[in-house]
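S.K.: What follows is work-v9.cif, mmCIF, C-alpha atoms.
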```cif
data_start
#
loop_
_atom_site.label_atom_id
_atom_site.label_comp_id
_atom_site.auth_asym_id
_atom_site.auth_seq_id
_atom_site.Cartn_x
_atom_site.Cartn_y
_atom_site.Cartn_z
CA MET A 1 126.42 67.44 -9.95
CA GLY A 2 126.52 64.24 -7.90
CA GLU A 3 129.84 64.98 -6.29
CA SER A 4 129.17 68.37 -4.75
CA GLY A 5 130.15 68.49 -1.12
CA VAL A 6 128.40 70.29 1.66
CA SER A 7 129.85 73.79 1.46
CA VAL A 8 129.59 75.95 4.51
CA SER A 9 129.46 78.95 2.21
CA LYS A 10 126.86 79.31 -0.48
CA ASN A 11 129.63 81.09 -2.37
CA HIS A 12 131.57 78.52 -4.31
CA TRP A 13 132.68 77.93 -7.85
CA SER A 14 130.45 75.80 -10.07
CA LYS A 15 132.10 72.90 -11.90
CA ASN A 16 132.40 75.10 -14.99
CA GLU A 17 134.07 77.82 -12.97
CA MET A 18 136.51 75.27 -11.52
CA VAL A 19 137.25 74.19 -15.08
CA ASP A 20 137.91 77.80 -16.06
CA GLN A 21 140.50 78.04 -13.26
CA VAL A 22 142.29 75.06 -14.78
CA ILE A 23 142.11 76.50 -18.31
CA GLU A 24 143.82 79.66 -17.06
CA MET A 25 146.83 77.50 -16.16
CA LEU A 26 147.24 76.13 -19.71
CA SER A 27 149.66 77.79 -22.11
CA ASP A 28 148.59 78.03 -25.74
CA GLY A 29 149.69 75.00 -27.76
CA SER A 30 150.37 72.82 -24.74
CA SER A 31 149.56 69.11 -24.42
CA LEU A 32 147.07 67.95 -21.83
CA ASN A 33 145.85 64.65 -20.37
CA LEU A 34 142.47 64.63 -18.68
CA GLY A 35 141.48 61.99 -16.11
CA ILE A 36 137.99 60.58 -15.90
CA GLY A 37 135.38 62.38 -13.80
CA ILE A 38 135.34 66.15 -13.32
CA PRO A 39 138.47 66.74 -15.49
CA THR A 40 136.67 65.59 -18.66
CA LEU A 41 134.62 68.81 -18.49
CA VAL A 42 137.84 70.70 -19.26
CA ALA A 43 137.84 69.39 -22.85
CA GLN A 44 134.45 70.94 -23.54
CA ARG A 45 135.37 74.41 -22.31
CA ILE A 46 138.83 74.95 -23.77
CA PRO A 47 138.62 77.69 -26.42
CA PRO A 48 139.83 76.20 -29.76
CA GLU A 49 142.11 79.20 -30.31
CA LYS A 50 144.31 78.04 -27.40
CA GLY A 51 145.45 75.19 -29.68
CA ILE A 52 145.61 72.59 -26.90
CA TRP A 53 146.57 69.01 -27.79
CA ILE A 54 144.52 66.63 -25.69
CA HIS A 55 146.10 63.25 -24.95
CA SER A 56 144.10 60.18 -23.99
CA GLU A 57 145.89 57.24 -22.34
CA ASN A 58 144.35 54.65 -24.68
CA GLY A 59 146.51 55.93 -27.52
CA VAL A 60 145.51 59.22 -29.12
CA LEU A 61 146.86 62.78 -29.15
CA GLY A 62 144.66 65.52 -30.61
CA VAL A 63 141.25 64.68 -29.14
CA ALA A 64 138.61 67.14 -30.40
CA GLY A 65 134.85 67.38 -29.80
CA ARG A 66 132.17 64.72 -30.02
CA PRO A 67 131.33 63.00 -33.31
CA THR A 68 127.99 63.15 -35.11
CA PRO A 69 125.93 60.00 -35.63
CA GLN A 70 127.33 60.02 -39.18
CA THR A 71 131.00 60.34 -38.19
CA VAL A 72 131.02 58.18 -35.05
CA SER A 73 133.50 55.31 -35.01
CA ALA A 74 133.56 52.30 -32.70
CA THR A 75 137.34 52.39 -32.84
CA LEU A 76 137.68 56.04 -31.76
CA ILE A 77 137.19 56.48 -28.02
CA ASN A 78 138.79 58.22 -25.05
CA ALA A 79 140.01 56.90 -21.70
CA GLY A 80 136.44 56.99 -20.39
CA LYS A 81 135.38 54.73 -23.31
CA GLU A 82 133.28 57.55 -24.79
CA THR A 83 133.14 58.34 -28.50
CA ILE A 84 135.30 61.23 -29.65
CA SER A 85 136.58 62.88 -32.78
CA VAL A 86 140.11 64.12 -33.47
CA LYS A 87 141.51 67.32 -34.92
CA LYS A 88 143.89 67.84 -37.85
CA GLY A 89 147.37 66.73 -36.83
CA ALA A 90 146.12 64.07 -34.43
CA SER A 91 148.05 60.81 -34.07
CA TYR A 92 147.39 57.27 -32.86
CA PHE A 93 149.91 55.01 -31.08
CA ASP A 94 150.08 51.99 -28.80
CA SER A 95 149.73 51.95 -25.03
CA SER A 96 153.45 51.76 -24.34
CA MET A 97 154.11 54.90 -26.36
CA SER A 98 151.08 56.53 -24.80
CA PHE A 99 152.34 56.10 -21.27
CA GLY A 100 155.88 56.83 -22.39
CA MET A 101 154.64 60.28 -23.45
CA ILE A 102 153.56 60.87 -19.88
CA ARG A 103 156.36 59.10 -17.97
CA GLY A 104 159.00 60.53 -20.27
CA GLY A 105 157.89 64.07 -19.43
CA HIS A 106 156.49 65.04 -22.84
CA ILE A 107 152.95 65.92 -21.80
CA ASP A 108 152.73 69.43 -20.31
CA VAL A 109 149.70 69.09 -18.04
CA CYS A 110 147.77 66.27 -16.37
CA VAL A 111 144.45 67.00 -14.70
CA LEU A 112 143.04 64.34 -12.39
CA GLY A 113 140.16 63.96 -10.01
CA GLY A 114 140.79 63.13 -6.38
CA MET A 115 139.33 61.74 -3.20
CA GLN A 116 142.05 63.27 -1.01
CA VAL A 117 145.12 65.38 -1.55
CA ASP A 118 147.62 66.34 1.11
CA ALA A 119 150.04 69.13 2.02
CA GLU A 120 152.95 67.06 0.70
CA GLY A 121 151.20 66.87 -2.67
CA SER A 122 150.26 63.22 -2.31
CA LEU A 123 147.08 62.09 -4.04
CA ALA A 124 144.57 59.38 -3.20
CA ASN A 125 142.09 58.76 -5.97
CA TRP A 126 141.84 55.08 -6.72
CA MET A 127 140.56 53.09 -3.79
CA ILE A 128 138.43 53.20 -0.67
CA PRO A 129 139.24 50.20 1.55
CA GLY A 130 136.17 48.09 2.18
CA LYS A 131 134.39 49.46 -0.86
CA LYS A 132 134.31 48.15 -4.41
CA VAL A 133 137.80 48.24 -5.95
CA THR A 134 137.85 49.41 -9.55
CA GLY A 135 141.62 49.42 -9.95
CA MET A 136 144.03 52.27 -10.55
CA GLY A 137 143.96 52.24 -14.35
CA GLY A 138 146.41 54.84 -15.61
CA ALA A 139 146.32 57.09 -12.55
CA MET A 140 149.55 55.89 -10.90
CA ASP A 141 151.41 56.57 -14.16
CA LEU A 142 149.66 59.84 -14.98
CA VAL A 143 150.88 61.49 -11.78
CA HIS A 144 154.55 60.96 -12.74
CA GLY A 145 156.05 62.89 -15.61
CA ALA A 146 153.70 65.69 -16.56
CA LYS A 147 155.29 69.09 -16.01
CA LEU A 148 152.16 70.29 -14.19
CA VAL A 149 149.88 67.92 -12.27
CA ILE A 150 146.56 69.53 -11.30
CA VAL A 151 143.95 67.87 -9.11
CA MET A 152 140.32 68.99 -9.29
CA LEU A 153 138.05 68.01 -6.44
CA THR A 154 135.28 69.37 -4.24
CA HIS A 155 136.62 70.88 -1.03
CA PHE A 156 134.40 68.65 1.11
CA SER A 157 132.95 65.19 0.58
CA LYS A 158 129.20 64.59 0.46
CA ARG A 159 129.41 63.90 4.20
CA GLY A 160 131.16 67.20 4.88
CA GLU A 161 134.66 65.78 5.37
CA LEU A 162 137.59 67.92 4.31
CA LYS A 163 139.44 66.46 1.34
CA LEU A 164 142.56 68.58 1.76
CA LEU A 165 144.54 67.00 4.59
CA HIS A 166 147.93 67.21 6.26
CA ARG A 167 148.49 63.61 5.12
CA CYS A 168 146.14 61.39 3.09
CA THR A 169 144.43 58.58 4.97
CA LEU A 170 143.24 56.68 1.88
CA PRO A 171 145.55 54.46 -0.23
CA LEU A 172 147.85 56.67 -2.29
CA THR A 173 147.95 57.01 -6.05
CA GLY A 174 151.25 58.88 -5.87
CA LYS A 175 153.45 60.45 -3.21
CA GLY A 176 154.28 64.14 -3.47
CA VAL A 177 153.15 64.43 -7.08
CA VAL A 178 150.57 67.22 -7.15
CA HIS A 179 151.54 70.76 -8.11
CA LYS A 180 148.20 72.58 -8.00
CA ILE A 181 144.80 71.91 -6.47
CA VAL A 182 141.52 73.39 -7.68
CA THR A 183 138.49 72.96 -5.42
CA ASP A 184 135.09 74.61 -5.57
CA LEU A 185 136.36 77.06 -2.94
CA GLY A 186 139.82 78.01 -4.19
CA VAL A 187 143.15 77.24 -5.82
CA PHE A 188 145.98 75.90 -3.63
CA THR A 189 149.61 74.86 -3.82
CA PRO A 190 150.91 72.13 -1.51
CA THR A 191 154.10 73.28 0.24
CA GLY A 192 155.03 70.22 2.31
CA GLU A 193 153.39 71.06 5.61
CA SER A 194 150.58 73.33 4.45
CA PHE A 195 148.48 74.50 1.51
CA GLN A 196 149.27 77.93 0.14
CA VAL A 197 146.14 79.79 -0.93
CA GLU A 198 146.60 81.11 -4.46
CA LYS A 199 143.03 82.30 -4.94
CA LEU A 200 139.65 81.98 -3.26
CA ALA A 201 136.27 81.77 -5.01
CA PRO A 202 134.42 85.10 -4.78
CA GLY A 203 132.88 85.63 -1.36
CA VAL A 204 134.74 82.72 0.24
CA THR A 205 136.73 83.41 3.41
CA GLU A 206 139.58 81.34 4.83
CA GLU A 207 137.37 80.40 7.81
CA GLN A 208 134.95 78.74 5.44
CA LEU A 209 137.69 76.41 4.22
CA ARG A 210 137.58 74.80 7.70
CA MET A 211 141.27 73.93 7.60
CA PRO A 212 142.94 72.95 10.90
CA ASP A 213 145.46 75.41 12.36
CA GLY A 214 148.69 75.57 10.45
CA LEU A 215 147.40 73.73 7.40
CA LEU A 216 146.80 76.91 5.44
CA SER A 217 149.34 79.50 4.46
CA SER A 218 147.89 82.65 3.02
CA ALA A 219 148.64 84.15 -0.35
CA LYS A 220 151.44 86.70 -0.25
CA MET B 1 156.67 26.29 -45.63
CA THR B 2 153.71 26.33 -43.21
CA SER B 3 151.23 29.11 -43.80
CA LYS B 4 150.33 31.43 -40.93
CA VAL B 5 146.86 31.82 -42.37
CA PHE B 6 144.12 29.81 -40.67
CA LYS B 7 140.52 29.36 -41.70
CA ASP B 8 138.86 30.70 -38.56
CA ALA B 9 139.07 30.96 -34.78
CA LYS B 10 138.40 27.25 -34.31
CA ALA B 11 141.33 26.33 -36.54
CA ALA B 12 143.66 28.90 -35.01
CA LEU B 13 142.99 28.00 -31.38
CA PHE B 14 143.50 24.26 -31.88
CA ASP B 15 146.10 23.87 -29.13
CA MET B 16 144.79 26.19 -26.42
CA LYS B 17 144.13 24.12 -23.31
CA ASP B 18 142.76 24.49 -19.78
CA GLY B 19 145.08 26.49 -17.56
CA ALA B 20 146.55 28.56 -20.41
CA SER B 21 147.66 32.16 -19.88
CA VAL B 22 146.07 34.37 -22.52
CA MET B 23 146.75 38.03 -23.26
CA SER B 24 143.78 39.72 -24.89
CA GLY B 25 144.02 43.05 -26.68
CA GLY B 26 141.57 45.89 -26.38
CA PHE B 27 140.74 48.91 -24.25
CA GLY B 28 137.22 48.38 -22.90
CA LEU B 29 135.53 46.85 -25.92
CA CYS B 30 137.61 48.80 -28.44
CA GLY B 31 139.80 46.49 -30.51
CA ILE B 32 138.87 43.24 -28.76
CA PRO B 33 139.40 39.86 -30.47
CA GLU B 34 135.70 38.96 -30.55
CA ASN B 35 135.97 35.75 -32.60
CA SER B 36 138.79 34.23 -30.54
CA ILE B 37 137.03 35.06 -27.28
CA LEU B 38 133.82 33.42 -28.49
CA GLU B 39 135.78 30.35 -29.60
CA ILE B 40 137.34 30.02 -26.12
CA ARG B 41 133.81 30.27 -24.74
CA ARG B 42 132.61 27.60 -27.13
CA LEU B 43 135.53 25.31 -26.22
CA GLY B 44 134.70 25.72 -22.53
CA LEU B 45 138.39 25.98 -21.60
CA LYS B 46 138.77 26.48 -17.89
CA ASN B 47 141.17 27.81 -15.28
CA LEU B 48 142.54 30.45 -17.63
CA HIS B 49 144.83 33.31 -16.62
CA ALA B 50 143.48 36.31 -18.51
CA ILE B 51 145.82 39.26 -19.04
CA SER B 52 143.97 42.27 -20.39
CA ASN B 53 143.51 45.92 -19.46
CA ASN B 54 139.90 45.35 -18.44
CA ILE B 55 138.65 41.80 -18.18
CA GLY B 56 135.68 42.57 -20.37
CA ASN B 57 133.30 45.51 -20.06
CA SER B 58 129.55 45.95 -19.98
CA GLY B 59 129.05 42.18 -19.99
CA ARG B 60 130.90 41.65 -23.27
CA GLY B 61 134.36 40.69 -24.45
CA LEU B 62 136.23 38.66 -21.83
CA ALA B 63 133.13 38.98 -19.61
CA TRP B 64 131.71 36.21 -21.83
CA LEU B 65 134.43 33.96 -20.37
CA LEU B 66 133.68 35.19 -16.85
CA LYS B 67 130.04 34.23 -17.38
CA GLY B 68 131.29 30.76 -18.33
CA LYS B 69 133.41 30.65 -15.13
CA GLN B 70 136.43 30.03 -17.29
CA ILE B 71 138.86 32.53 -15.77
CA SER B 72 140.55 31.79 -12.47
CA GLN B 73 143.26 34.49 -12.57
CA ALA B 74 143.17 37.98 -14.00
CA THR B 75 145.96 40.53 -14.46
CA CYS B 76 144.57 43.92 -15.43
CA SER B 77 144.56 47.64 -14.60
CA TYR B 78 140.94 48.68 -14.34
CA VAL B 79 137.80 46.67 -13.62
CA GLY B 80 135.14 49.36 -13.19
CA GLY B 81 132.06 48.73 -15.32
CA ASN B 82 132.56 44.97 -15.01
CA PRO B 83 129.88 43.55 -12.71
CA ASP B 84 130.73 39.99 -13.78
CA LEU B 85 134.27 40.33 -12.46
CA GLU B 86 133.18 42.19 -9.35
CA GLU B 87 130.84 39.33 -8.45
CA GLN B 88 133.53 36.67 -8.96
CA MET B 89 136.14 38.73 -7.09
CA LEU B 90 133.85 39.02 -4.07
CA ALA B 91 133.16 35.26 -4.20
CA ASN B 92 136.92 34.56 -4.42
CA GLU B 93 136.40 32.75 -7.71
CA VAL B 94 138.89 34.91 -9.58
CA GLU B 95 142.26 36.04 -8.23
CA VAL B 96 142.77 39.57 -9.53
CA THR B 97 146.12 41.34 -9.76
CA LEU B 98 145.90 45.07 -10.49
CA VAL B 99 148.81 46.68 -12.29
CA PRO B 100 149.08 50.38 -13.18
CA GLN B 101 148.22 50.67 -16.86
CA GLY B 102 151.53 52.18 -17.92
CA THR B 103 153.48 49.54 -16.01
CA PHE B 104 151.18 46.87 -17.47
CA SER B 105 151.92 48.12 -21.01
CA GLU B 106 155.64 48.36 -20.40
CA ARG B 107 155.95 44.93 -18.74
CA ILE B 108 154.32 43.39 -21.78
CA ARG B 109 156.55 45.37 -24.14
CA ALA B 110 159.62 44.38 -22.12
CA ALA B 111 158.74 40.70 -22.52
CA GLY B 112 158.53 41.17 -26.27
CA MET B 113 161.68 43.23 -26.45
CA GLY B 114 163.86 40.92 -24.37
CA ILE B 115 164.27 43.48 -21.59
CA ARG B 116 164.66 41.54 -18.34
CA GLY B 117 163.55 44.30 -15.97
CA PHE B 118 163.07 48.05 -15.75
CA TYR B 119 162.50 50.78 -13.16
CA THR B 120 159.47 53.07 -13.13
CA PRO B 121 158.20 55.68 -10.63
CA ALA B 122 154.60 54.49 -11.03
CA GLY B 123 153.31 53.09 -7.77
CA SER B 124 156.30 54.22 -5.74
CA GLY B 125 155.20 55.28 -2.26
CA THR B 126 151.87 53.45 -2.62
CA GLU B 127 150.70 50.09 -1.36
CA ILE B 128 151.58 48.36 -4.62
CA ALA B 129 155.24 48.99 -3.83
CA GLU B 130 155.05 46.39 -1.07
CA GLY B 131 157.34 43.44 -1.71
CA LYS B 132 159.00 45.04 -4.73
CA GLU B 133 162.62 45.99 -5.13
CA SER B 134 163.12 49.70 -5.42
CA ARG B 135 165.92 52.05 -6.31
CA THR B 136 166.16 55.80 -6.29
CA PHE B 137 167.43 57.60 -9.36
CA ASP B 138 166.18 61.17 -9.66
CA MET B 139 163.16 59.83 -7.74
CA PRO B 140 162.20 56.55 -6.05
CA CYS B 141 161.32 53.82 -8.56
CA LEU B 142 160.06 50.23 -8.48
CA LEU B 143 161.65 47.30 -10.30
CA GLU B 144 159.15 45.74 -12.69
CA LEU B 145 159.59 42.47 -14.56
CA PRO B 146 158.40 41.28 -17.99
CA LEU B 147 154.85 39.96 -18.35
CA THR B 148 154.38 37.20 -20.87
CA ALA B 149 151.74 34.57 -21.75
CA ASP B 150 151.26 31.30 -23.58
CA PHE B 151 148.96 32.99 -26.10
CA ALA B 152 147.98 36.46 -27.25
CA ILE B 153 144.62 36.87 -28.94
CA ILE B 154 144.39 40.23 -30.69
CA LYS B 155 142.46 41.97 -33.41
CA ALA B 156 143.74 44.22 -36.17
CA GLN B 157 141.84 46.01 -38.92
CA LYS B 158 144.16 44.69 -41.66
CA GLY B 159 146.75 41.95 -41.85
CA ASP B 160 148.58 40.01 -44.52
CA ALA B 161 149.73 36.40 -44.85
CA TYR B 162 153.03 37.17 -43.16
CA GLY B 163 151.21 38.67 -40.20
CA ASN B 164 152.07 42.32 -40.86
CA LEU B 165 149.34 44.30 -39.11
CA TRP B 166 147.61 47.68 -39.41
CA PHE B 167 145.40 48.89 -36.60
CA GLN B 168 142.51 51.35 -36.83
CA GLU B 169 142.39 54.49 -34.69
CA THR B 170 142.36 53.72 -30.95
CA ALA B 171 141.77 50.00 -31.47
CA ARG B 172 145.56 49.58 -31.43
CA ASN B 173 146.20 50.06 -27.67
CA PHE B 174 147.83 46.92 -26.16
CA SER B 175 147.61 44.64 -29.17
CA PRO B 176 151.00 45.25 -30.80
CA LEU B 177 152.69 44.82 -27.40
CA MET B 178 150.87 41.59 -26.60
CA ALA B 179 151.67 40.30 -30.07
CA MET B 180 155.36 40.71 -29.30
CA ALA B 181 155.23 39.27 -25.79
CA ALA B 182 153.26 36.04 -26.04
CA LYS B 183 154.67 32.70 -27.16
CA VAL B 184 151.91 32.20 -29.71
CA THR B 185 150.18 35.26 -31.21
CA ILE B 186 146.82 34.70 -32.87
CA VAL B 187 145.39 37.65 -34.83
CA GLU B 188 141.93 38.05 -36.27
CA VAL B 189 141.49 40.74 -38.90
CA GLU B 190 138.54 42.46 -40.53
CA GLU B 191 140.50 42.54 -43.78
CA LEU B 192 143.00 39.87 -44.77
CA VAL B 193 144.97 41.64 -47.51
CA GLU B 194 147.62 40.69 -50.03
CA LEU B 195 151.31 40.96 -49.22
CA GLY B 196 152.33 44.47 -50.16
CA ALA B 197 148.88 45.97 -49.64
CA ILE B 198 150.14 47.38 -46.34
CA LEU B 199 153.14 49.46 -47.42
CA PRO B 200 156.32 48.73 -45.43
CA GLU B 201 156.35 52.19 -43.82
CA ASN B 202 152.72 51.75 -42.78
CA VAL B 203 153.16 48.41 -40.99
CA HIS B 204 152.21 48.95 -37.33
CA LEU B 205 153.38 45.51 -36.21
CA PRO B 206 155.82 43.49 -38.35
CA GLY B 207 154.73 39.94 -39.11
CA VAL B 208 157.75 38.35 -37.45
CA PHE B 209 155.88 38.68 -34.15
CA VAL B 210 152.76 36.86 -35.41
CA GLN B 211 152.30 33.08 -35.59
CA ARG B 212 148.67 32.74 -36.74
CA ILE B 213 146.24 35.00 -38.60
CA TYR B 214 142.67 34.51 -39.77
CA GLN B 215 139.89 36.48 -41.40
CA GLY B 216 137.31 37.27 -38.70
CA ALA B 217 133.54 37.56 -39.15
CA ASP B 218 130.34 38.98 -37.65
CA TYR B 219 131.92 41.74 -35.60
CA GLU B 220 129.66 43.55 -33.15
CA ASN B 221 132.13 46.45 -32.71
CA THR B 222 130.09 47.64 -29.73
CA ILE B 223 130.28 51.30 -28.77
CA GLU B 224 130.14 51.38 -24.98
CA ILE B 225 129.40 55.05 -24.42
CA PRO B 226 128.18 56.83 -27.54
CA ILE B 227 128.11 60.58 -27.00
CA PHE B 228 127.41 62.95 -29.87
CA GLU B 229 127.71 66.67 -30.52
CA ASP B 230 125.42 68.74 -28.29
CA GLN B 231 124.89 65.84 -25.90
CA ASP B 232 127.52 66.64 -23.27
#
```
Can I see the file as structure tokens?

M.R.:
Amino acid sequence: MGESGVSVSKNHWSKNEMVDQVIEMLSDGSSLNLGIGIPTLVAQRIPPEKGIWIHSENGVLGVAGRPTPQTVSATLINAGKETISVKKGASYFDSSMSFGMIRGGHIDVCVLGGMQVDAEGSLANWMIPGKKVTGMGGAMDLVHGAKLVIVMLTHFSKRGELKLLHRCTLPLTGKGVVHKIVTDLGVFTPTGESFQVEKLAPGVTEEQLRMPDGLLSSAK
Amino acid sequence: MTSKVFKDAKAALFDMKDGASVMSGGFGLCGIPENSILEIRRLGLKNLHAISNNIGNSGRGLAWLLKGKQISQATCSYVGGNPDLEEQMLANEVEVTLVPQGTFSERIRAAGMGIRGFYTPAGSGTEIAEGKESRTFDMPCLLELPLTADFAIIKAQKGDAYGNLWFQETARNFSPLMAMAAKVTIVEVEELVELGAILPENVHLPGVFVQRIYQGADYENTIEIPIFEDQD
């Protein structure tokens, strides 16, 4: 659980509970891309009966569970370079088609991790100036095109800094691209100048979110 | 009629020189052209511009060329898990250009397809937009230009003497695109098959894009992160 931030409240969703919030947003039979980090946990918890088609940027649609030592293949991996298996009806394709599926609006949902997200729906998740630069990989493409872009992140950083801001201070991955935010404290929708609270984790109060005045708009 | 079939990597890379730009297929270590990379290492070619999604991973693949200090420029999308590149970036020994992976793929495809430029929303509103032309359609977009190279080194599972290729599972990734884009495409295959063995409707990359093909050998086919059932 290396990423868990310092929560003022001891009431907060576990990573699995955050994942379950995301799963609730998926329609049966929809297609889904999962970013590296926390979002990969989503694949493990989706009930098979939902019939979700998981897309991986390196060129596969229909990602299923892990292989066995007997079925493992060096040529069958996901975006995190981990071994996978595929389900019946899966397909393979090149990288241009893979990103075309996203950019062309054919993938229903993209779930990404984040360092910061802001009230305008901008996301920063690829670089911290002064620190090691790993590159943006597919992130700058993944935020454009999916019908629903969900960001999963802890509400606070390890040092207790709020990750939901009026405007991101870190280098952006995409401007105004995020539709829904799931933290360990609640589910939020960016509205331009504030975050609308859709749901809070059990026992969490708005005070505990430590949002500056005006940055939160309450659920109807 | 000159044959496209070469004996091995050494024969196929006969005219690659210092300073060449080389596209290399693969996502991490999946689908990398192991034999061609090792031959470039053996030749000690220097000052190369490597164009690849990740410039090697876990100390293998193109990282072998980094260890030989053979790469001076790198165009890529993600360099995490590459301590060799990190070290050379910090020491200013390699000039690294990061391109969003979808844009990277499409720039390479555009070069192969004769498309002189295209607009994409990826990177719009971010620092990579600096210095680029932009235009707003239904949303702000950046103008991106084709990305080509002197050579493409790629690997396919199967190929025939005309250069028709069939890729296995997710080892396909950038390779068909790079094969189209580069001036000289050099393919190594695990199985060099007879013409007709790959049915026309099953050809993933038509041979017209390929200049040289050879039967590869001694593949490591490294699995970077093996995870099995019940291990998550």

S.K.: Find, counting all atoms listed in the file, the residue in B:Gly59, B:Pro206, B:Gly28, B:Gly117 that gets nearest to chain A.

M.R.: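 Ranking B:Gly59, B:Pro206, B:Gly28, B:Gly117 by distance to chain A, first place goes to B:Gly28.
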
S.K.: Which residues are close to Phe228 (chain B), i.e. within 10 Å by only C-alpha atoms, leaving aside same-chain residues fewer than 3 positions away? Reply as a list in words.

M.R.: Gly65, Arg66, Pro67, Thr68, Pro69, Gln70, Thr71, Val72, Glu82, Thr83, Ile84 and Ser85 of chain A; Ile225, Gln231 and Asp232 of chain B

S.K.: Rounded to one decimal place, report the CA of Glu86 (chain B)-CA of Arg109 (chain B) distance in Å.

M.R.: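 Distance between the two atoms: 27.8 Å.
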
S.K.: Find the residues of chain A in contact range of chain B, meaning any atom within 7 Å when counting all atoms listed in the file, and list them as a short mmCIF file (atom, residue, chain, number, x, y, z; two decimals) with C-alpha atoms, keeping the file's coordinate frame.

M.R.:
```cif
data_model
loop_
_atom_site.label_atom_id
_atom_site.label_comp_id
_atom_site.auth_asym_id
_atom_site.auth_seq_id
_atom_site.Cartn_x
_atom_site.Cartn_y
_atom_site.Cartn_z
CA ASN A 58 144.35 54.65 -24.68
CA GLY A 59 146.51 55.93 -27.52
CA VAL A 60 145.51 59.22 -29.12
CA ARG A 66 132.17 64.72 -30.02
CA PRO A 67 131.33 63.00 -33.31
CA THR A 68 127.99 63.15 -35.11
CA PRO A 69 125.93 60.00 -35.63
CA ALA A 74 133.56 52.30 -32.70
CA THR A 75 137.34 52.39 -32.84
CA LEU A 76 137.68 56.04 -31.76
CA ILE A 77 137.19 56.48 -28.02
CA LYS A 81 135.38 54.73 -23.31
CA GLU A 82 133.28 57.55 -24.79
CA THR A 83 133.14 58.34 -28.50
CA TYR A 92 147.39 57.27 -32.86
CA PHE A 93 149.91 55.01 -31.08
CA ASP A 94 150.08 51.99 -28.80
CA SER A 95 149.73 51.95 -25.03
CA SER A 96 153.45 51.76 -24.34
CA PHE A 99 152.34 56.10 -21.27
CA THR A 134 137.85 49.41 -9.55
CA GLY A 135 141.62 49.42 -9.95
CA MET A 136 144.03 52.27 -10.55
CA GLY A 137 143.96 52.24 -14.35
CA GLY A 138 146.41 54.84 -15.61
CA MET A 140 149.55 55.89 -10.90
CA ASP A 141 151.41 56.57 -14.16
CA HIS A 144 154.55 60.96 -12.74
CA PRO A 171 145.55 54.46 -0.23
CA LEU A 172 147.85 56.67 -2.29
CA THR A 173 147.95 57.01 -6.05
CA GLY A 174 151.25 58.88 -5.87
CA LYS A 175 153.45 60.45 -3.21
#
```

S.K.: In Å, rounded to a single decimal, give me how far CA of Leu142 (chain A) is from CA of His155 (chain A).

M.R.: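 CA of Leu142 (chain A) lies at a distance of 22.1 Å from CA of His155 (chain A).
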
S.K.: Let me make sure I understand: among B:Met23, B:Met1, B:Leu142, B:Leu85, which one has the smallest atom-to-atom distance to Val187 (chain B) if we use all atoms listed in the file?

M.R.: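 Residue with the minimum atom-to-atom distance to Val187 (chain B): B:Met23.
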
S.K.: Could you tell me which of A:Pro48, A:Gly145, A:Gly62, A:Gly37 comes closest to Met101 (chain A) if we count all atoms listed in the file?

M.R.: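 Using all atoms listed in the file, the shortest distance to Met101 (chain A) belongs to A:Gly145.
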
S.K.: Can you pull out every residue within 7 Å of Val151 (chain A), counting only C-alpha atoms, but drop anything in the same chain fewer than 2 positions away, and send it as a list in words?

M.R.: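 That gives Val111, Leu112, Gly113, Gly114, Val149, Leu153, Val178, Lys180, Ile181 and Val182 of chain A.
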
S.K.: Do you have the CA of Ala129 (chain B)-CA of Asp84 (chain B) distance handy?

M.R.: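 Answer for the CA of Ala129 (chain B) to CA of Asp84 (chain B) separation: 27.9 Å.
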
S.K.: If the PyMOL selection byres ((chain A and resi 184) around 9) is run on the structure shown, which residues does it catch, given as a list in words?

M.R.: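 Residues picked by the PyMOL selection byres ((chain A and resi 184) around 9): Ser4, Ser7, His12, Trp13, Ser14, Lys15, Glu17, Met18, Met152, Leu153, Thr154, His155, Phe156, Val182, Thr183, Leu185, Gly186, Val187, Leu200 and Ala201 of chain A.
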
S.K.: Go through B:Ala217, B:Leu48, B:Leu13, B:Ile198 one by one, measure the shortest atom-to-atom distance of each to Tyr162 (chain B) using all atoms listed in the file, and give the residue with the smallest value.

M.R.: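 The closest residue to Tyr162 (chain B) is B:Ile198.
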